[in-house]
file work.csv (CSV, C-alpha atoms)
chain,number,residue,atom,x,y,z
A,289,MET,CA,36.7,-25.7,59.1
A,290,ASP,CA,38.7,-28.9,59.0
A,291,GLN,CA,38.1,-29.9,55.4
A,292,ASP,CA,37.8,-28.1,52.1
A,293,PRO,CA,34.3,-28.0,50.6
A,294,PRO,CA,33.8,-28.0,46.8
A,295,LEU,CA,33.1,-24.6,45.1
A,296,LEU,CA,29.9,-23.3,46.7
A,297,ASN,CA,27.4,-20.9,45.0
A,298,TYR,CA,26.2,-19.5,48.3
A,299,LEU,CA,27.4,-19.8,51.9
A,300,GLU,CA,25.4,-18.3,54.8
A,301,VAL,CA,27.2,-18.2,58.2
A,302,GLN,CA,24.9,-18.2,61.2
A,303,GLY,CA,27.4,-18.7,63.9
A,304,ASN,CA,31.2,-19.0,64.0
A,305,LEU,CA,33.2,-20.4,61.1
A,306,ILE,CA,36.7,-21.0,62.4
A,307,PHE,CA,39.6,-22.1,60.2
A,308,ASP,CA,41.7,-25.0,61.4
A,309,LYS,CA,45.1,-23.5,62.2
A,310,SER,CA,47.0,-26.8,61.7
A,311,ARG,CA,46.4,-27.0,57.9
A,312,ASP,CA,46.0,-25.0,54.7
A,313,ASN,CA,42.4,-24.1,54.1
A,314,ARG,CA,40.5,-23.4,50.9
A,315,LEU,CA,37.0,-21.9,50.9
A,316,GLN,CA,35.6,-20.9,47.6
A,317,ALA,CA,32.1,-19.4,47.1
A,318,HIS,CA,30.4,-17.0,44.7
A,319,TYR,CA,28.6,-15.4,47.6
A,320,ILE,CA,29.3,-15.4,51.4
A,321,TRP,CA,26.8,-13.9,53.8
A,322,VAL,CA,27.6,-13.6,57.5
A,323,SER,CA,24.2,-12.9,58.9
A,324,GLN,CA,25.1,-13.7,62.5
A,325,GLY,CA,28.5,-14.5,63.9
A,326,ASN,CA,31.9,-14.3,62.2
A,327,ILE,CA,34.6,-16.0,60.1
A,328,THR,CA,37.8,-16.4,62.0
A,329,ILE,CA,41.1,-17.0,60.3
A,330,GLY,CA,43.5,-16.3,63.2
A,331,SER,CA,43.9,-13.3,65.4
A,332,ALA,CA,46.6,-10.9,66.6
A,333,GLU,CA,47.2,-13.1,69.7
A,334,SER,CA,47.1,-16.4,67.6
A,335,PRO,CA,48.0,-15.6,64.0
A,336,PHE,CA,47.2,-18.0,61.2
A,337,THR,CA,50.5,-19.1,59.6
A,338,ASN,CA,49.2,-21.4,56.9
A,339,LYS,CA,47.5,-20.6,53.6
A,340,ALA,CA,43.8,-19.6,53.6
call {"tool": "encode", "arguments": {"input": "work.csv", "output": "structure tokens"}}
result
Amino acid sequence: MDQDPPLLNYLEVQGNLIFDKSRDNRLQAHYIWVSQGNITIGSAESPFTNKA
């Protein structure tokens, strides 16, 4: 994710949604459904140091 979308009513993830580690990220939704894949906001090996 390299830009902040407007407030979403519904977000369905069918793949990998990866937050850009070089910037603050804002994702707002009333409902988020990860049907396949994942949402990645850093990891133990590569932590996310900005705001998400």
call {"tool": "closest_residue", "arguments": {"input": "work.csv", "among": "A:Ala332, A:Leu296, A:Ile327, A:Met289", "to": "Arg311 (chain A)", "atoms": "only C-alpha atoms"}}
result
A:Met289
call {"tool": "residues_around", "arguments": {"input": "work.csv", "residues": "region 301-307 of chain A", "least_positions_apart": "5", "cutoff": "9 Å", "atoms": "all atoms listed in the file", "output": "number ranges by chain"}}
result
A: 289-290, 312-313, 320-330, 336, 340
call {"tool": "closest_residue", "arguments": {"input": "work.csv", "among": "A:Ala317, A:Lys309, A:Lys339, A:Glu333", "to": "Pro293 (chain A)", "atoms": "only C-alpha atoms"}}
result
A:Ala317
call {"tool": "closest_residue", "arguments": {"input": "work.csv", "among": "A:Asn338, A:Glu300, A:Asp292, A:Ser331", "to": "Leu315 (chain A)", "atoms": "all atoms listed in the file"}}
result
A:Asp292
call {"tool": "closest_residue", "arguments": {"input": "work.csv", "among": "A:Gln316, A:Gln291, A:Leu299, A:Ser310", "to": "Ser334 (chain A)", "atoms": "all atoms listed in the file"}}
result
A:Ser310
